[in-house]
$ cat model_21.csv   # CSV, C-alpha atoms and all ligand atoms
chain,number,residue,atom,x,y,z
A,369,MET,CA,-49.1,6.3,5.0
A,370,ILE,CA,-45.4,6.7,5.6
A,371,ASN,CA,-43.3,4.8,8.2
A,372,ASP,CA,-43.8,7.0,11.3
A,373,ASN,CA,-40.5,6.0,12.7
A,374,TYR,CA,-38.8,8.3,10.1
A,375,LEU,CA,-40.6,11.2,11.7
A,376,LYS,CA,-38.8,10.4,15.0
A,377,LEU,CA,-35.4,11.1,13.4
A,378,SER,CA,-33.8,14.4,14.2
A,379,GLU,CA,-34.6,17.0,11.6
A,380,SER,CA,-31.3,17.1,9.7
A,381,TYR,CA,-28.1,15.2,9.5
A,382,LEU,CA,-25.2,16.7,11.5
A,383,PHE,CA,-23.0,17.3,8.5
A,384,ALA,CA,-25.7,19.1,6.7
A,385,ASP,CA,-26.1,21.5,9.6
A,386,ILE,CA,-22.3,22.1,9.6
A,387,ALA,CA,-22.3,22.6,5.8
A,388,LYS,CA,-25.0,25.2,6.1
A,389,ARG,CA,-23.1,27.2,8.7
A,390,VAL,CA,-19.9,27.0,6.7
A,391,GLN,CA,-21.7,28.1,3.6
A,392,THR,CA,-23.2,31.1,5.3
A,393,PHE,CA,-19.8,32.0,6.7
A,394,LYS,CA,-18.1,31.7,3.3
A,395,ALA,CA,-20.8,33.8,1.7
A,396,GLU,CA,-20.2,36.6,4.3
A,397,ASN,CA,-16.4,36.2,4.2
A,398,PRO,CA,-15.6,35.3,0.6
A,399,LYS,CA,-11.8,35.8,1.1
A,400,ALA,CA,-11.5,33.5,4.1
A,401,ASP,CA,-9.5,30.4,3.6
A,402,VAL,CA,-11.6,27.8,5.5
A,403,ILE,CA,-9.8,24.6,6.6
A,404,SER,CA,-12.0,21.6,7.2
A,405,LEU,CA,-11.0,19.2,10.0
A,406,GLY,CA,-14.7,18.3,10.4
A,407,ILE,CA,-16.1,15.6,8.2
A,408,GLY,CA,-14.1,12.4,8.2
A,409,ASP,CA,-13.2,12.2,4.5
A,410,VAL,CA,-9.7,11.5,3.4
A,411,THR,CA,-7.5,13.8,1.3
A,412,GLN,CA,-4.6,11.6,0.1
A,413,PRO,CA,-4.8,9.8,-3.3
A,414,LEU,CA,-5.1,6.1,-3.7
A,415,ALA,CA,-2.0,3.9,-3.5
A,416,PRO,CA,-0.2,3.3,-6.8
A,417,ALA,CA,-0.9,-0.5,-6.4
A,418,VAL,CA,-4.6,0.3,-6.2
A,419,ILE,CA,-4.5,2.5,-9.3
A,420,GLU,CA,-2.6,-0.1,-11.2
A,421,ALA,CA,-5.2,-2.8,-10.3
A,422,LEU,CA,-8.0,-0.4,-11.3
A,423,HIS,CA,-6.5,0.2,-14.7
A,424,LYS,CA,-6.0,-3.5,-15.2
A,425,ALA,CA,-9.5,-4.4,-14.2
A,426,THR,CA,-10.8,-1.6,-16.5
A,427,ASP,CA,-8.9,-3.1,-19.4
A,428,GLU,CA,-10.4,-6.6,-18.7
A,429,MET,CA,-13.8,-5.0,-19.0
A,430,ALA,CA,-13.0,-3.9,-22.6
A,431,ILE,CA,-12.5,-7.5,-23.8
A,432,ALA,CA,-15.4,-10.1,-24.2
A,433,SER,CA,-13.3,-12.9,-22.8
A,434,THR,CA,-12.4,-11.1,-19.6
A,435,PHE,CA,-15.5,-8.9,-19.2
A,436,ARG,CA,-17.4,-9.4,-15.9
A,437,GLY,CA,-21.0,-8.8,-15.2
A,438,TYR,CA,-22.8,-9.6,-12.0
A,439,GLY,CA,-20.4,-11.0,-9.5
A,440,PRO,CA,-20.8,-13.7,-6.8
A,441,GLU,CA,-23.2,-12.7,-4.1
A,442,ARG,CA,-20.7,-12.7,-1.2
A,443,GLY,CA,-17.9,-11.1,-3.3
A,444,TYR,CA,-15.2,-12.6,-5.5
A,445,ASP,CA,-13.2,-15.5,-4.1
A,446,PHE,CA,-9.9,-13.6,-4.8
A,447,LEU,CA,-10.8,-10.8,-2.4
A,448,ARG,CA,-12.5,-13.0,0.3
A,449,GLU,CA,-9.5,-15.3,0.3
A,450,ALA,CA,-7.1,-12.3,0.6
A,451,ILE,CA,-9.1,-10.9,3.5
A,452,VAL,CA,-9.1,-14.2,5.4
A,453,GLU,CA,-5.4,-14.6,4.9
A,454,HIS,CA,-4.1,-11.1,5.6
A,455,ASP,CA,-6.7,-9.7,8.1
A,456,PHE,CA,-7.3,-12.9,10.1
A,457,ARG,CA,-5.1,-15.9,9.6
A,458,SER,CA,-1.9,-13.8,9.8
A,459,ARG,CA,-3.2,-12.7,13.3
A,460,GLY,CA,-3.9,-16.3,14.3
A,461,ILE,CA,-7.7,-15.9,13.8
A,462,ASP,CA,-9.6,-18.7,12.1
A,463,ILE,CA,-12.2,-17.1,9.8
A,464,GLU,CA,-13.4,-18.9,6.7
A,465,ALA,CA,-14.0,-17.3,3.3
A,466,ASP,CA,-17.7,-18.2,3.4
A,467,GLU,CA,-18.0,-16.1,6.6
A,468,VAL,CA,-16.9,-13.0,4.7
A,469,PHE,CA,-19.4,-10.8,2.8
A,470,VAL,CA,-17.9,-8.1,0.6
A,471,SER,CA,-19.9,-4.9,0.8
A,472,ASP,CA,-19.9,-1.4,-0.6
A,473,GLY,CA,-18.7,-0.1,2.7
A,474,ALA,CA,-19.4,-0.3,6.4
A,475,LYS,CA,-22.1,2.4,6.4
A,476,SER,CA,-24.6,0.2,4.5
A,477,ASP,CA,-23.9,-2.9,6.5
A,478,THR,CA,-23.8,-1.3,9.9
A,479,GLY,CA,-27.1,0.4,9.0
A,480,ASN,CA,-28.7,-2.6,7.4
A,481,PHE,CA,-27.7,-5.6,9.5
A,482,GLN,CA,-30.4,-4.8,12.1
A,483,GLU,CA,-33.0,-5.8,9.6
A,484,LEU,CA,-32.3,-9.5,10.5
A,485,LEU,CA,-33.5,-8.8,14.1
A,486,SER,CA,-37.1,-8.6,15.4
A,487,GLN,CA,-38.5,-5.2,16.1
A,488,ASP,CA,-38.6,-5.7,19.9
A,489,VAL,CA,-35.0,-6.4,20.6
A,490,ARG,CA,-33.3,-4.0,22.9
A,491,ILE,CA,-30.4,-2.2,21.4
A,492,ALA,CA,-27.5,-0.6,23.4
A,493,LEU,CA,-25.5,2.2,21.9
A,494,THR,CA,-22.7,4.3,23.3
A,495,ASP,CA,-23.3,8.0,23.7
A,496,PRO,CA,-21.6,9.6,21.8
A,497,VAL,CA,-22.0,7.3,18.8
A,498,TYR,CA,-21.6,7.1,15.1
A,499,PRO,CA,-25.1,8.3,14.1
A,500,VAL,CA,-25.8,5.5,11.6
A,501,TYR,CA,-26.4,2.8,14.3
A,502,LEU,CA,-28.8,5.1,16.1
A,503,ASP,CA,-30.8,6.3,13.1
A,504,ALA,CA,-31.1,2.9,11.5
A,505,ASN,CA,-32.6,1.6,14.7
A,506,ILE,CA,-34.9,4.6,15.1
A,507,MET,CA,-36.1,3.9,11.5
A,508,ALA,CA,-36.9,0.3,12.6
A,509,GLY,CA,-38.8,1.6,15.7
A,510,ARG,CA,-36.6,0.1,18.3
A,511,GLU,CA,-36.0,0.8,22.0
A,512,ILE,CA,-32.5,2.1,22.6
A,513,VAL,CA,-30.4,2.0,25.8
A,514,LYS,CA,-27.6,4.6,26.0
A,515,LEU,CA,-24.2,3.8,27.4
A,516,PRO,CA,-22.6,7.0,28.4
A,517,CYS,CA,-18.9,7.5,27.5
A,518,THR,CA,-17.6,10.4,29.5
A,519,GLN,CA,-14.3,11.8,30.8
A,520,GLU,CA,-15.1,10.1,34.1
A,521,ASN,CA,-15.1,6.6,32.6
A,522,ASP,CA,-12.3,7.4,30.1
A,523,PHE,CA,-14.9,7.0,27.3
A,524,VAL,CA,-15.1,3.3,28.0
A,525,PRO,CA,-18.8,2.2,28.3
A,526,GLU,CA,-19.9,0.3,31.3
A,527,LEU,CA,-21.8,-3.0,30.8
A,528,PRO,CA,-25.5,-2.3,30.8
A,529,SER,CA,-27.2,-2.7,34.1
A,530,GLU,CA,-30.3,-4.2,32.4
A,531,HIS,CA,-30.5,-6.9,29.8
A,532,VAL,CA,-29.9,-5.8,26.2
A,533,ASP,CA,-30.1,-8.0,23.1
A,534,VAL,CA,-27.6,-6.2,20.9
A,535,VAL,CA,-24.7,-3.8,21.6
A,536,TYR,CA,-22.9,-1.8,18.9
A,537,LEU,CA,-19.3,-1.2,19.7
A,538,CYS,CA,-16.9,0.8,17.5
A,539,TYR,CA,-13.1,0.6,18.2
A,540,PRO,CA,-11.0,2.6,17.5
A,541,ASN,CA,-13.9,4.8,18.2
A,542,ASN,CA,-15.5,7.4,16.1
A,543,PRO,CA,-15.9,10.1,17.5
A,544,THR,CA,-13.8,9.9,20.6
A,545,GLY,CA,-10.7,8.3,19.1
A,546,THR,CA,-10.4,5.9,22.1
A,547,THR,CA,-9.7,2.2,22.0
A,548,LEU,CA,-10.5,-0.9,24.2
A,549,THR,CA,-7.8,-3.2,25.6
A,550,LYS,CA,-8.2,-6.9,25.2
A,551,GLU,CA,-9.4,-7.2,28.8
A,552,GLN,CA,-12.1,-4.5,28.3
A,553,LEU,CA,-13.2,-6.2,25.1
A,554,ARG,CA,-13.2,-9.6,26.9
A,555,ASN,CA,-15.7,-8.2,29.4
A,556,TRP,CA,-18.1,-7.4,26.5
A,557,VAL,CA,-17.7,-10.8,24.9
A,558,ASP,CA,-18.3,-12.5,28.2
A,559,TYR,CA,-21.4,-10.3,28.8
A,560,ALA,CA,-22.8,-11.1,25.4
A,561,ASN,CA,-22.3,-14.8,25.8
A,562,ARG,CA,-23.8,-14.7,29.3
A,563,GLU,CA,-26.8,-12.6,28.3
A,564,ASN,CA,-27.4,-14.3,24.9
A,565,ALA,CA,-26.8,-11.0,23.3
A,566,LEU,CA,-25.1,-10.0,20.0
A,567,ILE,CA,-22.2,-7.6,19.5
A,568,PHE,CA,-22.1,-5.6,16.3
A,569,TYR,CA,-18.4,-4.6,16.2
A,570,ASP,CA,-17.4,-1.8,13.8
A,571,ALA,CA,-13.7,-2.1,13.1
A,572,ALA,CA,-13.6,0.7,10.4
A,573,TYR,CA,-10.5,2.3,11.9
A,574,GLU,CA,-8.6,-0.9,12.8
A,575,ALA,CA,-5.7,0.0,10.4
A,576,TYR,CA,-5.0,3.1,12.6
A,577,ILE,CA,-4.0,1.1,15.7
A,578,GLN,CA,-0.4,1.7,16.6
A,579,SER,CA,-0.2,0.3,20.1
A,580,LYS,CA,0.8,-3.4,20.4
A,581,ASP,CA,-1.8,-4.4,23.0
A,582,VAL,CA,-4.9,-3.0,21.2
A,583,PRO,CA,-6.9,-5.8,19.4
A,584,HIS,CA,-7.4,-5.3,15.7
A,585,SER,CA,-10.4,-7.6,15.6
A,586,ILE,CA,-12.8,-8.7,18.3
A,587,TYR,CA,-12.2,-12.3,17.1
A,588,GLU,CA,-8.9,-12.1,18.9
A,589,ILE,CA,-11.0,-12.6,22.1
A,590,PRO,CA,-12.1,-16.2,22.8
A,591,GLY,CA,-15.8,-16.7,22.5
A,592,ALA,CA,-16.3,-13.7,20.1
A,593,LYS,CA,-17.3,-15.9,17.2
A,594,GLN,CA,-20.3,-17.1,19.1
A,595,CYS,CA,-21.7,-13.6,19.6
A,596,THR,CA,-20.2,-11.0,17.2
A,597,VAL,CA,-20.6,-9.7,13.7
A,598,GLU,CA,-17.6,-7.5,12.6
A,599,PHE,CA,-17.7,-4.8,10.1
A,600,HIS,CA,-14.7,-3.6,8.1
A,601,SER,CA,-14.2,-0.7,5.6
A,602,TYR,CA,-11.5,0.2,3.1
A,603,SER,CA,-12.6,3.8,3.3
A,604,LYS,CA,-10.1,5.0,5.8
A,605,THR,CA,-7.7,2.0,5.5
A,606,ALA,CA,-6.9,2.7,1.9
A,607,GLY,CA,-8.8,5.9,0.9
A,608,PHE,CA,-11.7,4.1,-0.6
A,609,THR,CA,-14.4,6.7,0.4
A,610,GLY,CA,-15.1,7.3,-3.3
A,611,ILE,CA,-14.3,3.8,-4.6
A,612,ARG,CA,-16.6,2.1,-2.1
A,613,CYS,CA,-15.7,-1.3,-0.7
A,614,GLY,CA,-15.7,-3.0,2.7
A,615,TYR,CA,-16.7,-6.4,4.2
A,616,THR,CA,-18.6,-7.9,7.0
A,617,VAL,CA,-17.7,-11.1,8.9
A,618,VAL,CA,-20.7,-13.2,9.9
A,619,PRO,CA,-19.4,-16.3,11.7
A,620,LYS,CA,-21.2,-19.6,11.3
A,621,ALA,CA,-20.6,-20.3,15.0
A,622,LEU,CA,-23.1,-17.6,16.0
A,623,ARG,CA,-25.9,-18.9,18.1
A,624,VAL,CA,-28.4,-17.7,15.5
A,625,PRO,CA,-28.1,-18.5,11.8
A,626,LEU,CA,-27.2,-15.0,10.8
A,627,ASN,CA,-24.7,-16.1,8.2
A,628,ARG,CA,-27.5,-17.8,6.2
A,629,LEU,CA,-30.0,-15.0,6.8
A,630,TRP,CA,-27.5,-12.3,5.8
A,631,ASN,CA,-26.7,-14.2,2.6
A,632,ARG,CA,-30.4,-14.3,1.9
A,633,ARG,CA,-30.9,-10.6,2.6
A,634,GLN,CA,-27.9,-9.5,0.5
A,635,SER,CA,-28.8,-11.7,-2.4
A,636,THR,CA,-32.3,-10.2,-2.4
A,637,LYS,CA,-31.4,-6.5,-1.8
A,638,PHE,CA,-27.8,-6.0,-2.9
A,639,ASN,CA,-26.2,-6.8,-6.2
A,640,GLY,CA,-22.6,-6.7,-5.1
A,641,THR,CA,-19.6,-4.3,-5.1
A,642,SER,CA,-18.2,-3.6,-8.6
A,643,TYR,CA,-15.4,-5.9,-9.9
A,644,LEU,CA,-13.2,-2.9,-10.2
A,645,ALA,CA,-13.6,-2.0,-6.5
A,646,GLN,CA,-12.9,-5.6,-5.5
A,647,ARG,CA,-9.7,-5.8,-7.6
A,648,ALA,CA,-8.7,-2.4,-6.1
A,649,ALA,CA,-9.2,-3.8,-2.6
A,650,GLU,CA,-7.3,-7.0,-3.4
A,651,ALA,CA,-4.3,-4.8,-4.4
A,652,ILE,CA,-3.9,-3.4,-0.9
A,653,TYR,CA,-2.9,-6.9,0.3
A,654,THR,CA,0.0,-7.2,-2.1
A,655,PRO,CA,3.5,-6.4,-0.6
A,656,GLU,CA,3.6,-3.0,-2.4
A,657,GLY,CA,0.0,-2.2,-1.6
A,658,LYS,CA,0.6,-2.9,2.1
A,659,THR,CA,3.7,-0.6,2.2
A,660,GLN,CA,1.9,2.1,0.4
A,661,ILE,CA,-1.3,2.2,2.5
A,662,LYS,CA,0.9,2.1,5.7
A,663,ALA,CA,2.7,5.2,4.5
A,664,THR,CA,-0.6,7.1,4.0
A,665,ILE,CA,-1.8,6.0,7.4
A,666,ALA,CA,1.5,7.1,8.9
A,667,TYR,CA,1.0,10.5,7.2
A,668,TYR,CA,-2.4,10.9,8.8
A,669,MET,CA,-1.2,9.7,12.2
A,670,ARG,CA,1.6,12.3,12.1
A,671,ASN,CA,-1.2,14.9,11.7
A,672,ALA,CA,-2.9,13.4,14.7
A,673,ARG,CA,0.2,13.6,16.7
A,674,LEU,CA,0.9,17.2,15.7
A,675,MET,CA,-2.6,18.2,16.7
A,676,ARG,CA,-2.6,16.2,19.9
A,677,GLU,CA,0.8,17.6,21.1
A,678,SER,CA,0.2,21.2,20.1
A,679,LEU,CA,-3.4,21.4,21.4
A,680,THR,CA,-2.4,19.8,24.7
A,681,ASN,CA,0.5,22.2,25.0
A,682,ILE,CA,-1.8,25.2,24.6
A,683,GLY,CA,-4.0,23.9,27.4
A,684,PHE,CA,-6.8,21.8,25.7
A,685,LYS,CA,-8.0,18.5,27.1
A,686,VAL,CA,-7.3,16.2,24.2
A,687,TYR,CA,-8.4,12.5,23.9
A,688,GLY,CA,-7.8,10.0,21.1
A,689,GLY,CA,-5.4,10.5,18.2
A,690,ILE,CA,-3.0,7.8,19.4
A,691,ASP,CA,-4.6,4.7,17.8
A,692,ALA,CA,-7.2,6.6,15.8
A,693,PRO,CA,-7.4,9.4,13.3
A,694,TYR,CA,-9.8,11.3,15.5
A,695,LEU,CA,-9.2,13.7,18.4
A,696,TRP,CA,-11.8,14.5,20.9
A,697,LEU,CA,-11.3,18.0,22.3
A,698,GLY,CA,-12.8,19.4,25.4
A,699,THR,CA,-14.1,22.9,24.7
A,700,PRO,CA,-12.5,25.7,26.8
A,701,ASN,CA,-14.3,27.7,29.5
A,702,GLY,CA,-17.4,25.5,29.5
A,703,MET,CA,-18.3,26.6,25.9
A,704,SER,CA,-21.0,24.4,24.3
A,705,SER,CA,-20.0,22.3,21.3
A,706,TRP,CA,-21.7,24.6,18.9
A,707,GLU,CA,-20.4,27.8,20.6
A,708,PHE,CA,-16.9,26.5,20.1
A,709,PHE,CA,-17.6,25.4,16.6
A,710,ASP,CA,-18.7,29.0,15.8
A,711,TRP,CA,-15.6,30.4,17.5
A,712,MET,CA,-13.3,28.1,15.5
A,713,LEU,CA,-15.0,29.0,12.3
A,714,GLN,CA,-15.2,32.8,12.9
A,715,SER,CA,-11.8,33.3,14.5
A,716,ALA,CA,-9.6,30.6,13.1
A,717,HIS,CA,-11.6,29.7,9.9
A,718,VAL,CA,-11.3,26.0,10.9
A,719,VAL,CA,-14.2,23.6,10.7
A,720,CYS,CA,-14.6,21.0,13.5
A,721,THR,CA,-17.5,18.7,14.3
A,722,PRO,CA,-19.6,19.6,17.4
A,723,GLY,CA,-19.5,16.7,19.8
A,724,VAL,CA,-23.1,17.1,20.8
A,725,GLY,CA,-24.0,16.0,17.2
A,726,PHE,CA,-22.9,12.5,18.2
A,727,GLY,CA,-25.1,12.4,21.3
A,728,SER,CA,-25.9,14.4,24.5
A,729,GLN,CA,-22.7,13.2,26.2
A,730,GLY,CA,-20.7,14.8,23.4
A,731,GLU,CA,-21.7,18.2,24.7
A,732,ASN,CA,-18.7,20.4,25.6
A,733,PHE,CA,-16.5,18.4,23.1
A,734,VAL,CA,-15.6,18.8,19.4
A,735,ARG,CA,-14.1,16.2,17.1
A,736,LEU,CA,-11.1,17.0,14.9
A,737,THR,CA,-9.9,14.7,12.1
A,738,ALA,CA,-6.4,13.9,11.1
A,739,PHE,CA,-7.4,13.4,7.5
A,740,GLY,CA,-6.4,16.9,6.3
A,741,THR,CA,-3.2,17.7,4.4
A,742,ARG,CA,-0.1,18.3,6.5
A,743,GLU,CA,-0.1,21.9,5.3
A,744,ASN,CA,-3.7,22.6,6.4
A,745,THR,CA,-3.3,20.7,9.6
A,746,GLU,CA,-0.3,22.9,10.6
A,747,LYS,CA,-2.0,26.0,9.4
A,748,ALA,CA,-5.1,25.1,11.5
A,749,ILE,CA,-3.1,24.5,14.6
A,750,HIS,CA,-1.2,27.8,14.2
A,751,ARG,CA,-4.4,29.7,13.7
A,752,ILE,CA,-6.1,28.2,16.7
A,753,ASN,CA,-3.0,28.9,18.8
A,754,SER,CA,-2.8,32.5,17.7
A,755,LYS,CA,-6.5,33.3,18.2
A,756,LEU,CA,-6.8,31.9,21.7
B,1,LIG,N1,-18.2,3.2,10.6
B,1,LIG,C1,-17.7,4.2,11.2
B,1,LIG,C2,-17.5,4.2,12.6
B,1,LIG,C3,-17.4,5.3,10.4
B,1,LIG,O1,-16.9,6.4,11.0
B,1,LIG,C4,-17.6,5.3,9.0
B,1,LIG,C5,-17.3,6.5,8.2
B,1,LIG,O2,-17.1,7.6,8.5
B,1,LIG,C6,-18.2,4.2,8.5
B,1,LIG,C7,-18.5,3.1,9.3
B,1,LIG,C8,-18.6,4.1,7.0
B,1,LIG,O3,-17.6,3.8,6.2
B,1,LIG,P1,-17.8,3.4,4.7
B,1,LIG,O4,-17.2,4.5,3.9
B,1,LIG,O5,-17.1,2.1,4.5
B,1,LIG,O6,-19.3,3.3,4.4

$ encode --input "model_21.csv" --output "structure tokens" --more "lines below"
Ligand code: PLP
Amino acid sequence: MINDNYLKLSESYLFADIAKRVQTFKAENPKADVISLGIGDVTQPLAPAVIEALHKATDEMAIASTFRGYGPERGYDFLREAIVEHDFRSRGIDIEADEVFVSDGAKSDTGNFQELLSQDVRIALTDPVYPVYLDANIMAGREIVKLPCTQENDFVPELPSEHVDVVYLCYPNNPTGTTLTKEQLRNWVDYANRENALIFYDAAYEAYIQSKDVPHSIYEIPGAKQCTVEFHSYSKTAGFTGIRCGYTVVPKALRVPLNRLWNRRQSTKFNGTSYLAQRAAEAIYTPEGKTQIKATIAYYMRNARLMRESLTNIGFKVYGGIDAPYLWLGTPNGMSSWEFFDWMLQSAHVVCTPGVGFGSQGENFVRLTAFGTRENTEKAIHRINSKL
């Protein structure tokens, strides 16, 4: 008597399929030096300011007078106030600390937030898409409308031609690496307010934005607080994939009382992010922390530029990589995503992510990440170039 909806999920998770193929290749070619530009994990260590904060917080845990047990449900005030100040007020956005919920990362919150909605809401998702939004809604048994993002529309989804109740948007985008301008984002906010719909906005890659005119938060758009929940993550911003911390903004101005309901949900099913992780996150807002995480982001963005320029020069169609750590690469000669994945692995010993794993519109594309080391990124480019 299991939840039948789980049987509707595709058989295995994309990265498990990739891992299986890479494992087989390595078993057959034990001497091959395989470089992964596939899964979006980071390679650079945490910032010194973060390490210092972790040590300090650990020492506090050793003394009865500074020991911390369960924390406040929405997260510690010190972190929520730093978030409000540095991520919003400094950009002229008015968000209050009780609209911020500290999380253990954006995957859980982007996956779980749909629990607050009824089963019969219509969900719109881009195709290609970060698979968590899709699978979480399949698990909940919902109807899903796909918004194709293709070369023809510059990977910018068009407004749905039919009514939808919720749309998930992710910008800078995983997997295509594209962004939306203020004008394009305003179209979505206006649509949502007109249609009485909600936007779930995933800003996990916001820190990678380099261009001046690309919004860092959807709340830069007037009217967004009435219709949008925004998800943030420190995973790529500050290398927290192993530490685990992020936050979600649930405005009190939303037309439905989601702030209250999310608080209720979280206090029932989530017991908070560790004190250590929250102190670590706070440290990225200090002057030293800010400088240090910017340097790491610049390091990855240099990888992105190297890949973008070299691959474009050798004739690939390359998208993204300007305001995002992802490049979306058209496969050559009409090869399928998986055919090109196999070619890259066999010939260049480089692992990419087949675009079709993010949705049918991702066919004939692969995703490359800028999160490798410089050495591996340069080596990978050189190998692809010499094997073509
Ligand atoms: N959202 C997007 C678009 C992502 O690509 C990722 C991670 O790859 C996440 C959320 C999850 O991030 P976290 O590590 O904070 O759970």

$ residues_near_ligand --input "model_21.csv" --ligand "ligand LIG 1 (chain B)" --cutoff "10 Å" --atoms "all atoms listed in the file" --output "JSON, numbers by chain"
{"A": [407, 408, 409, 410, 471, 472, 473, 474, 475, 476, 477, 478, 479, 497, 498, 499, 500, 501, 537, 538, 539, 540, 541, 542, 543, 569, 570, 571, 572, 573, 599, 600, 601, 602, 603, 604, 605, 607, 608, 609, 610, 611, 612, 613, 614, 615, 694]}

$ write_last_selection --input "model_21.csv" --atoms "C-alpha atoms" --output "JSON list (two decimals), in the frame of the given file"
[["chain", "number", "residue", "atom", "x", "y", "z"],
["A", 407, "ILE", "CA", -16.10, 15.60, 8.20],
["A", 408, "GLY", "CA", -14.10, 12.40, 8.20],
["A", 409, "ASP", "CA", -13.20, 12.20, 4.50],
["A", 410, "VAL", "CA", -9.70, 11.50, 3.40],
["A", 471, "SER", "CA", -19.90, -4.90, 0.80],
["A", 472, "ASP", "CA", -19.90, -1.40, -0.60],
["A", 473, "GLY", "CA", -18.70, -0.10, 2.70],
["A", 474, "ALA", "CA", -19.40, -0.30, 6.40],
["A", 475, "LYS", "CA", -22.10, 2.40, 6.40],
["A", 476, "SER", "CA", -24.60, 0.20, 4.50],
["A", 477, "ASP", "CA", -23.90, -2.90, 6.50],
["A", 478, "THR", "CA", -23.80, -1.30, 9.90],
["A", 479, "GLY", "CA", -27.10, 0.40, 9.00],
["A", 497, "VAL", "CA", -22.00, 7.30, 18.80],
["A", 498, "TYR", "CA", -21.60, 7.10, 15.10],
["A", 499, "PRO", "CA", -25.10, 8.30, 14.10],
["A", 500, "VAL", "CA", -25.80, 5.50, 11.60],
["A", 501, "TYR", "CA", -26.40, 2.80, 14.30],
["A", 537, "LEU", "CA", -19.30, -1.20, 19.70],
["A", 538, "CYS", "CA", -16.90, 0.80, 17.50],
["A", 539, "TYR", "CA", -13.10, 0.60, 18.20],
["A", 540, "PRO", "CA", -11.00, 2.60, 17.50],
["A", 541, "ASN", "CA", -13.90, 4.80, 18.20],
["A", 542, "ASN", "CA", -15.50, 7.40, 16.10],
["A", 543, "PRO", "CA", -15.90, 10.10, 17.50],
["A", 569, "TYR", "CA", -18.40, -4.60, 16.20],
["A", 570, "ASP", "CA", -17.40, -1.80, 13.80],
["A", 571, "ALA", "CA", -13.70, -2.10, 13.10],
["A", 572, "ALA", "CA", -13.60, 0.70, 10.40],
["A", 573, "TYR", "CA", -10.50, 2.30, 11.90],
["A", 599, "PHE", "CA", -17.70, -4.80, 10.10],
["A", 600, "HIS", "CA", -14.70, -3.60, 8.10],
["A", 601, "SER", "CA", -14.20, -0.70, 5.60],
["A", 602, "TYR", "CA", -11.50, 0.20, 3.10],
["A", 603, "SER", "CA", -12.60, 3.80, 3.30],
["A", 604, "LYS", "CA", -10.10, 5.00, 5.80],
["A", 605, "THR", "CA", -7.70, 2.00, 5.50],
["A", 607, "GLY", "CA", -8.80, 5.90, 0.90],
["A", 608, "PHE", "CA", -11.70, 4.10, -0.60],
["A", 609, "THR", "CA", -14.40, 6.70, 0.40],
["A", 610, "GLY", "CA", -15.10, 7.30, -3.30],
["A", 611, "ILE", "CA", -14.30, 3.80, -4.60],
["A", 612, "ARG", "CA", -16.60, 2.10, -2.10],
["A", 613, "CYS", "CA", -15.70, -1.30, -0.70],
["A", 614, "GLY", "CA", -15.70, -3.00, 2.70],
["A", 615, "TYR", "CA", -16.70, -6.40, 4.20],
["A", 694, "TYR", "CA", -9.80, 11.30, 15.50]]

$ residues_around --input "model_21.csv" --residues "Arg751 in chain A" --least-positions-apart "3" --cutoff "12 Å" --atoms "all atoms listed in the file" --output "ChimeraX atom specification"
/A:401-403,678-679,711-719,744-748,754-756

$ residues_around --input "model_21.csv" --residues "Leu375 in chain A" --least-positions-apart "2" --cutoff "12 Å" --atoms "all atoms listed in the file" --output "PyMOL selection string"
chain A and resi 369-373+377-380+503+506-509

$ closest_residue --input "model_21.csv" --among "A:Ala415, A:Ala395, A:Ala504, A:Val617" --to "Val470 in chain A" --atoms "all atoms listed in the file"
A:Val617

$ residues_around --input "model_21.csv" --residues "range 622-635 of chain A" --least-positions-apart "4" --cutoff "8 Å" --atoms "all atoms listed in the file" --output "list in words"
Glu441, Arg442, Glu467, Phe481, Leu484, Lys593, Gln594, Cys595, Thr596, Val618 and Asn639 of chain A

$ closest_residue --input "model_21.csv" --among "A:Gln482, A:Ser642, A:Thr699, A:Ser704" --to "Gly683 in chain A" --atoms "all atoms listed in the file"
A:Thr699

$ residues_around --input "model_21.csv" --residues "range 444-458 of chain A" --least-positions-apart "5" --cutoff "12 Å" --atoms "all atoms listed in the file" --output "ChimeraX atom specification"
/A:436-439,463-471,571,574-575,583-588,598,600-602,613-617,640-655,658

$ atom_distance --input "model_21.csv" --atom1 "CA of Ser404 in chain A" --atom2 "CA of Thr494 in chain A"
25.9 Å

$ atom_distance --input "model_21.csv" --atom1 "CA of Asn732 in chain A" --atom2 "CA of Glu707 in chain A"
9.1 Å

$ atom_distance --input "model_21.csv" --atom1 "CA of Val489 in chain A" --atom2 "CA of Phe568 in chain A"
13.6 Å

$ closest_residue --input "model_21.csv" --among "A:Asn505, A:Gln412, A:Thr721, A:Ser705" --to "Phe733 in chain A" --atoms "all atoms listed in the file"
A:Ser705

$ residues_near_point --input "model_21.csv" --point "(-22.4, -4.3, 29.8)" --cutoff "7 Å" --atoms "all atoms listed in the file" --output "number ranges by chain"
A: 526-529, 556, 559

$ closest_residue --input "model_21.csv" --among "A:Gly545, A:Gly730, A:Pro496, A:Gly443" --to "Gly688 in chain A" --atoms "all atoms listed in the file"
A:Gly545

$ residues_near_point --input "model_21.csv" --point "(-8.9, 13.8, 26.9)" --cutoff "9 Å" --atoms "all atoms listed in the file" --output "list of chain:residue names"
A:Gln519, A:Asp522, A:Thr544, A:Phe684, A:Lys685, A:Val686, A:Tyr687, A:Gly688, A:Leu695, A:Trp696, A:Leu697, A:Gly698
